[in-house]
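These notes are about the structure you will find just below.
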Amino acid sequence: MDFSVKSNSPDQYHSDCIILSVFEQCRLSSVTEKINKISNSYISSLLQSGELEGKIGQTLLLYHIPHVLSKRILLIGCGQEYEIDACQYKTILQKSINALKNTGSIEAICFLTELHVKGRNIYWKVRQALEIIQESLYAFDQFKTNKIASHLPLRKIVFNVPTSCDITSGNCAIEHGIAIASGLKVSKDLSNMPPNICNANYLAAQARQLANTFSHYITTSVIGEQQMQDLKMYAYLAVGAGSQNESLMSVIEYRGNSTPSDKPIVLIGKGMTFDSGGISIKPSAGMDEMKYDMCGAATVYGVMGVVAALNLPINVIGVLAGCENMLSSRAYRPGDVLTTMSGQTVEVLNTDAEGRLILCDTLTYVERFNPAAVIDIATLTGACVVALGKNISGMMSNHDSLANELLIAAEQTGDSTWRLPLPNEYHEQLDSNFADMANITGRPGGAITAACFLSRFSNKYTWAHIDIAGTAWHSCKNKGATGRPVALLSQFLLNRAGLNKDA
Ligand code: BES
Ligand code: MN
Ligand code: ZN
């Protein structure tokens, strides 16, 4: 899709489709009013006859509008003119693009970027619009004989902005939006891959591919089981022991800042390419969805692509912690005691609490980078889904200002996140009779106690943990990866790079 920004009057366009807003009680926006005048009140007379009220998301497609050069006009209901919030803006754009898809339009001019959205500027509106459109057009049809998406004729969208002064920030929004939308797409594609194809080796191949594409800034190294032995990453190795597929930790190093003292931000993604639960096997209903247990790694992969595409002036290291949790005579068992890379020992009480076991060794491994901050992203606990549902990611941190930066980025992007506490008192639930700690606690507060476990391996640096068990994919009819939290982390890094255009 080709995106651009212009500042024209709607009657100047000679296009396939112009997207215009109508507010509640059939009030026309000033832009829509211009077209109404030119067309001798064609639009207002249609509205008077009750074709469209202006409620959020209502659409009306018009052809052959008198005295209008463009082929079609798509009218979209936008609710109350000065009451539109971020969420409603999203609905408005989604409905518009869905209606536009069903026309034969090759290109469209979108005037929705001129709406008043509470507390948001042009940069935000253009970038969101672009990301929402790309999201609405996404389809994973790689394994379908009849492809769904590629038949769409739509090739080009112009976002119209109120004045020519808005064009610079509009163009910046397009640059950032294209990079983030593409990060979301590659992340979703990777997550949606079936687990017989997407194993740790496949993740490593993607990581290496990034280094090929961005050879000036990215180097990738892959740590296999032999090196993990040498590093004493015995918890990580134990989880992968039951699988034929080798455990591989892919380390993607992006250098955008050559100042030697510039410390990297490290992103760690849980890359369990399939989580059967191991010997503590999961129930079979819905087990296919455990192919999504690598969405943390897919997020990191997507974000590294964004950082490189925008050539951000910072240093970022992305780690894809690839592994598969399977059953076999070589699988680790309940009762096993593992010595982690940190030297701390863990008693395995449930082989399905495997994410924390690969993450704890990865958290220790990244100490060598002397990180400015470490953020791990993981589909870690069902308890997080119980606590926050499917729309809000859980976040825990040992550092208030890092946590606040992440919450700000969440607010900017709509990639909703809620901070949960890490209380000292909860640590005793990890006590074990046979090792320094157990790998599970009781059910209450399971998202928090999982983070408490991780915090014991991340006390040498500033750290945050994002639990995306609820948010990384949709179930049921719309089953598919969401790409979350690619937008959140990309925004966090844009802000760190001094490129925050929302303020
Ligand atoms: N990958 C799962 C967490 C998960 C479950 C994510 C459902 C999304 C949906 C994780 O490895 C796991 O199995 N966690 C257990 C931990 C328990 C055994 C302490 C869980 O949440 O049930
Ligand atoms: Mn598990
Ligand atoms: Zn898991």
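The chains in the structure tokens are called A, B, ... from first to last as shown; in each chain the residues are counted from 1, and the ligands are counted from 1 in the order shown.
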| request: Looking only at strand (DSSP E) from DSSP on the backbone, list the matching residues of segment 82-156 of chain A as a PyMOL selection string. | output: chain A and resi 107-110+156
With N, CA, C and O atoms retained, write the just-selected residues as a compact mmCIF listing (two decimals), in the first residue's frame.
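Result written to result.txt:
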```
# COMPACT_ATOMS: atom_id res chain seq x y z
N GLU A 107 -7.65 3.64 -5.36
CA GLU A 107 -7.07 4.61 -4.42
C GLU A 107 -8.18 5.39 -3.72
O GLU A 107 -9.31 5.47 -4.21
N ALA A 108 -7.85 5.93 -2.56
CA ALA A 108 -8.85 6.66 -1.78
C ALA A 108 -8.21 7.86 -1.09
O ALA A 108 -7.01 7.84 -0.78
N ILE A 109 -9.02 8.89 -0.86
CA ILE A 109 -8.57 10.08 -0.14
C ILE A 109 -9.31 10.09 1.19
O ILE A 109 -10.54 10.12 1.23
N CYS A 110 -8.55 10.04 2.26
CA CYS A 110 -9.15 9.91 3.59
C CYS A 110 -9.11 11.25 4.31
O CYS A 110 -8.04 11.78 4.58
N LYS A 156 -3.57 2.60 -2.93
CA LYS A 156 -3.03 3.91 -2.54
C LYS A 156 -4.01 4.65 -1.64
O LYS A 156 -5.20 4.74 -1.98
```
| task | For ligand 3, collect every residue having any atom at a distance of at most 6 Å from a ligand atom (counting only C-alpha atoms and all ligand atoms); output as a list in words. | result |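 What falls inside 6 Å of ligand 3 is Asp275, Asp293, Glu354, Gly355 and Leu380 of chain A.
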| request: May I ask for the distance between atom CA of Ile223 of chain A and atom CA of Ser329 of chain A, given in Å to one decimal place? | output: 24.4 Å
Determine, using only C-alpha atoms and all ligand atoms, which residues of chain A have any atom at most 7 Å from an atom of ligand 1, and tabulate each with its shortest atom pair and distance in Å to one decimal place, rows ordered by chain and then rising number, as a tab-separated table.
```
residue	atom	partner	partner_atom_place_in_ligand_line	distance
A:Asp275	CA	ligand 1	1 (N)	6.2
A:Gly277	CA	ligand 1	13 (O)	6.0
A:Met290	CA	ligand 1	1 (N)	6.6
A:Asp293	CA	ligand 1	1 (N)	5.3
A:Asn350	CA	ligand 1	18 (C)	5.8
A:Asp352	CA	ligand 1	13 (O)	4.5
A:Ala353	CA	ligand 1	16 (C)	4.3
A:Glu354	CA	ligand 1	11 (O)	5.3
A:Gly355	CA	ligand 1	11 (O)	5.1
A:Thr379	CA	ligand 1	6 (C)	4.7
A:Leu380	CA	ligand 1	3 (C)	4.5
A:Thr381	CA	ligand 1	21 (O)	3.6
A:Gly382	CA	ligand 1	21 (O)	3.5
A:Ala383	CA	ligand 1	21 (O)	5.5
A:Ile440	CA	ligand 1	19 (C)	4.9
A:Thr441	CA	ligand 1	19 (C)	6.6
A:Gly446	CA	ligand 1	19 (C)	6.7
A:Ala469	CA	ligand 1	8 (C)	4.0
A:Gly470	CA	ligand 1	8 (C)	6.1
```
| How many Å separate atom CA of Thr471 of chain A from atom CA of Ala387 of chain A? |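 Taking atom CA of Thr471 of chain A and atom CA of Ala387 of chain A, their separation equals 12.1 Å.
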| message | Need to verify the contact set: segment 240-255 of chain A, 6 Å, only C-alpha atoms, exclusion of same-chain residues closer than 2 positions in sequence. Can you return it as an MDAnalysis selection string? | response | chainID A and resid 200 204 217:224 237:238 257 315:328 330:331
| field | Which of segment 339-391 of chain A fall in alpha helix (DSSP H), as a PyMOL selection string | value | chain A and resi 355-365+382-388
| field | Counting only C-alpha atoms, the option among A:Asn160, A:Ser475, A:Gln94, A:Asn171 closest to Lys6 of chain A | value | A:Asn160
| query | Using only C-alpha atoms, which of the listed residues (A:Ser342, A:Gln429, A:Gln134, A:Thr145) sits closest to Gly442 of chain A? | reply |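 So, comparing all the options, the nearest one is A:Gln429.
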| request: Write out as a ChimeraX atom specification which residues come within 8 Å of Val126 of chain A when counting only C-alpha atoms, dropping same-chain ones fewer than 6 positions away. | output: /A:113,159,170,173-174
Expected file: the selected residues, N, CA and C atoms, as a PDB file, in the first residue's frame:
```pdb
ATOM      1  N   THR A 113      -8.452  11.985   8.974  1.00  0.00           N
ATOM      2  CA  THR A 113      -7.308  12.506   9.722  1.00  0.00           C
ATOM      3  C   THR A 113      -7.528  13.965  10.110  1.00  0.00           C
ATOM      4  N   PHE A 159      -3.865  10.645   3.002  1.00  0.00           N
ATOM      5  CA  PHE A 159      -4.462  11.238   4.190  1.00  0.00           C
ATOM      6  C   PHE A 159      -4.459  12.746   4.002  1.00  0.00           C
ATOM      7  N   GLY A 170       2.756  14.956   9.314  1.00  0.00           N
ATOM      8  CA  GLY A 170       2.059  13.859   8.639  1.00  0.00           C
ATOM      9  C   GLY A 170       3.038  12.905   7.969  1.00  0.00           C
ATOM     10  N   ALA A 173       4.752  10.829  10.508  1.00  0.00           N
ATOM     11  CA  ALA A 173       3.828   9.782  10.974  1.00  0.00           C
ATOM     12  C   ALA A 173       3.786   8.628   9.980  1.00  0.00           C
ATOM     13  N   ILE A 174       3.857   8.965   8.693  1.00  0.00           N
ATOM     14  CA  ILE A 174       3.829   7.905   7.680  1.00  0.00           C
ATOM     15  C   ILE A 174       5.099   7.070   7.748  1.00  0.00           C
TER      16      ILE A 174
END
```
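Shortest separation to ligand 2 among A:Ala447, A:Met272, A:Leu407, A:Cys198 occurs at residue A:Met272, atoms counted being only C-alpha atoms and all ligand atoms.
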| message | With only C-alpha atoms as the counted atoms, please give the residues lying no more than 9 Å from Ile132 of chain A, apart from itself and same-chain residues fewer than 5 positions off, as a ChimeraX atom specification. | response | /A:90,93-94,97,127,137,181
Deliver the residues from the most recent selection as a file, using N, CA and C atoms, as an mmCIF file, in the first residue's frame.
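Output (again_25.cif):
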```
data_model
loop_
_atom_site.group_PDB
_atom_site.id
_atom_site.type_symbol
_atom_site.label_atom_id
_atom_site.label_comp_id
_atom_site.auth_asym_id
_atom_site.auth_seq_id
_atom_site.Cartn_x
_atom_site.Cartn_y
_atom_site.Cartn_z
ATOM 1 N N LYS A 90 -10.503 4.609 16.227
ATOM 2 C CA LYS A 90 -10.125 3.313 15.680
ATOM 3 C C LYS A 90 -11.329 2.634 15.010
ATOM 4 N N LEU A 93 -12.159 4.277 11.687
ATOM 5 C CA LEU A 93 -11.252 3.897 10.594
ATOM 6 C C LEU A 93 -11.456 2.461 10.144
ATOM 7 N N GLN A 94 -11.665 1.571 11.127
ATOM 8 C CA GLN A 94 -11.891 0.161 10.773
ATOM 9 C C GLN A 94 -13.123 0.003 9.899
ATOM 10 N N ILE A 97 -12.491 1.368 6.344
ATOM 11 C CA ILE A 97 -11.651 0.543 5.479
ATOM 12 C C ILE A 97 -12.408 -0.716 5.063
ATOM 13 N N ARG A 127 -0.568 8.415 11.927
ATOM 14 C CA ARG A 127 0.092 7.141 12.207
ATOM 15 C C ARG A 127 -0.907 6.070 12.604
ATOM 16 N N LEU A 137 -6.274 -4.901 6.787
ATOM 17 C CA LEU A 137 -6.012 -5.578 5.521
ATOM 18 C C LEU A 137 -5.188 -6.856 5.708
ATOM 19 N N ALA A 181 3.817 -0.722 11.229
ATOM 20 C CA ALA A 181 2.851 -1.642 10.622
ATOM 21 C C ALA A 181 3.580 -2.848 10.033
#
```
| task | Kindly give the distance, in Å, that separates atom CA of Glu367 of chain A and atom CA of Ile466 of chain A, rounded to a single decimal. | result |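 Atom CA of Ile466 of chain A lies at a distance of 18.8 Å from atom CA of Glu367 of chain A.
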| said: Here is a test: counting only C-alpha atoms, which residue of A:Gly394, A:Ser21, A:Leu60, A:Ser41 is nearest to Cys78 of chain A? | reply: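 The closest residue to Cys78 of chain A is A:Ser21.
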Polymer residues at most 9 Å from Tyr89 of chain A, only C-alpha atoms, same-chain spacing of 2 or more positions, as a PDB file with N, CA and C atoms, in the first residue's frame:
```
ATOM      1  N   ILE A  56     -21.461   6.458  15.312  1.00  0.00           N
ATOM      2  CA  ILE A  56     -20.113   5.954  15.061  1.00  0.00           C
ATOM      3  C   ILE A  56     -20.119   4.649  14.258  1.00  0.00           C
ATOM      4  N   CYS A  78     -19.436   9.569  12.642  1.00  0.00           N
ATOM      5  CA  CYS A  78     -18.321   9.782  13.578  1.00  0.00           C
ATOM      6  C   CYS A  78     -18.787  10.206  14.961  1.00  0.00           C
ATOM      7  N   ILE A  84     -14.748  12.691  20.201  1.00  0.00           N
ATOM      8  CA  ILE A  84     -14.173  11.450  19.689  1.00  0.00           C
ATOM      9  C   ILE A  84     -12.920  11.077  20.488  1.00  0.00           C
ATOM     10  N   ASP A  85     -12.885   9.847  21.004  1.00  0.00           N
ATOM     11  CA  ASP A  85     -11.675   9.404  21.707  1.00  0.00           C
ATOM     12  C   ASP A  85     -10.901   8.410  20.829  1.00  0.00           C
ATOM     13  N   ALA A  86      -9.737   7.994  21.332  1.00  0.00           N
ATOM     14  CA  ALA A  86      -8.836   7.148  20.541  1.00  0.00           C
ATOM     15  C   ALA A  86      -9.520   5.871  20.083  1.00  0.00           C
ATOM     16  N   CYS A  87     -10.326   5.313  20.991  1.00  0.00           N
ATOM     17  CA  CYS A  87     -10.981   4.047  20.703  1.00  0.00           C
ATOM     18  C   CYS A  87     -12.034   4.208  19.602  1.00  0.00           C
ATOM     19  N   THR A  91     -12.467   2.644  15.711  1.00  0.00           N
ATOM     20  CA  THR A  91     -13.676   2.046  15.135  1.00  0.00           C
ATOM     21  C   THR A  91     -14.041   2.725  13.821  1.00  0.00           C
ATOM     22  N   ILE A  92     -13.986   4.044  13.806  1.00  0.00           N
ATOM     23  CA  ILE A  92     -14.345   4.812  12.602  1.00  0.00           C
ATOM     24  C   ILE A  92     -13.459   4.383  11.432  1.00  0.00           C
ATOM     25  N   LEU A  93     -12.159   4.277  11.687  1.00  0.00           N
ATOM     26  CA  LEU A  93     -11.252   3.897  10.594  1.00  0.00           C
ATOM     27  C   LEU A  93     -11.456   2.461  10.144  1.00  0.00           C
ATOM     28  N   GLN A  94     -11.665   1.571  11.127  1.00  0.00           N
ATOM     29  CA  GLN A  94     -11.891   0.161  10.773  1.00  0.00           C
ATOM     30  C   GLN A  94     -13.123   0.003   9.899  1.00  0.00           C
ATOM     31  N   LEU A 112     -10.533  11.584   7.284  1.00  0.00           N
ATOM     32  CA  LEU A 112     -10.766  11.304   8.706  1.00  0.00           C
ATOM     33  C   LEU A 112      -9.617  11.782   9.580  1.00  0.00           C
ATOM     34  N   LEU A 115     -10.384  14.793  11.687  1.00  0.00           N
ATOM     35  CA  LEU A 115     -11.292  14.756  12.836  1.00  0.00           C
ATOM     36  C   LEU A 115     -10.601  15.304  14.085  1.00  0.00           C
ATOM     37  N   VAL A 117      -9.676  14.509  17.586  1.00  0.00           N
ATOM     38  CA  VAL A 117      -9.632  13.374  18.507  1.00  0.00           C
ATOM     39  C   VAL A 117      -9.023  13.911  19.804  1.00  0.00           C
ATOM     40  N   LYS A 125      -2.824  11.005  14.621  1.00  0.00           N
ATOM     41  CA  LYS A 125      -3.976  10.588  13.806  1.00  0.00           C
ATOM     42  C   LYS A 125      -3.544   9.895  12.513  1.00  0.00           C
ATOM     43  N   GLN A 128      -1.855   6.425  13.464  1.00  0.00           N
ATOM     44  CA  GLN A 128      -2.874   5.451  13.862  1.00  0.00           C
ATOM     45  C   GLN A 128      -3.680   4.982  12.658  1.00  0.00           C
ATOM     46  N   ALA A 129      -4.078   5.941  11.816  1.00  0.00           N
ATOM     47  CA  ALA A 129      -4.893   5.597  10.650  1.00  0.00           C
ATOM     48  C   ALA A 129      -4.148   4.572   9.801  1.00  0.00           C
TER      49      ALA A 129
END
```
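When only C-alpha atoms and all ligand atoms are used to compute distances to ligand 2, the closest of the residues A:Arg443, A:Lys477, A:Arg356, A:Arg484 turns out to be A:Arg356.
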| Within 12 Å of Thr299 of chain A, counting only C-alpha atoms, which residues qualify if same-chain residues fewer than 3 places away don't, as a VMD selection string? | chain A and resid 180 182 to 191 203 267 to 271 292 to 296 302 to 306 318 to 321 375 to 379 466 468 471 to 473 481 to 490
| query | Quick one: of A:Tyr63, A:Phe434, A:Phe274, A:Tyr426, who's nearest to ligand 2, counting only C-alpha atoms and all ligand atoms? | reply |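 That would be A:Phe274, the residue with the smallest distance to ligand 2.
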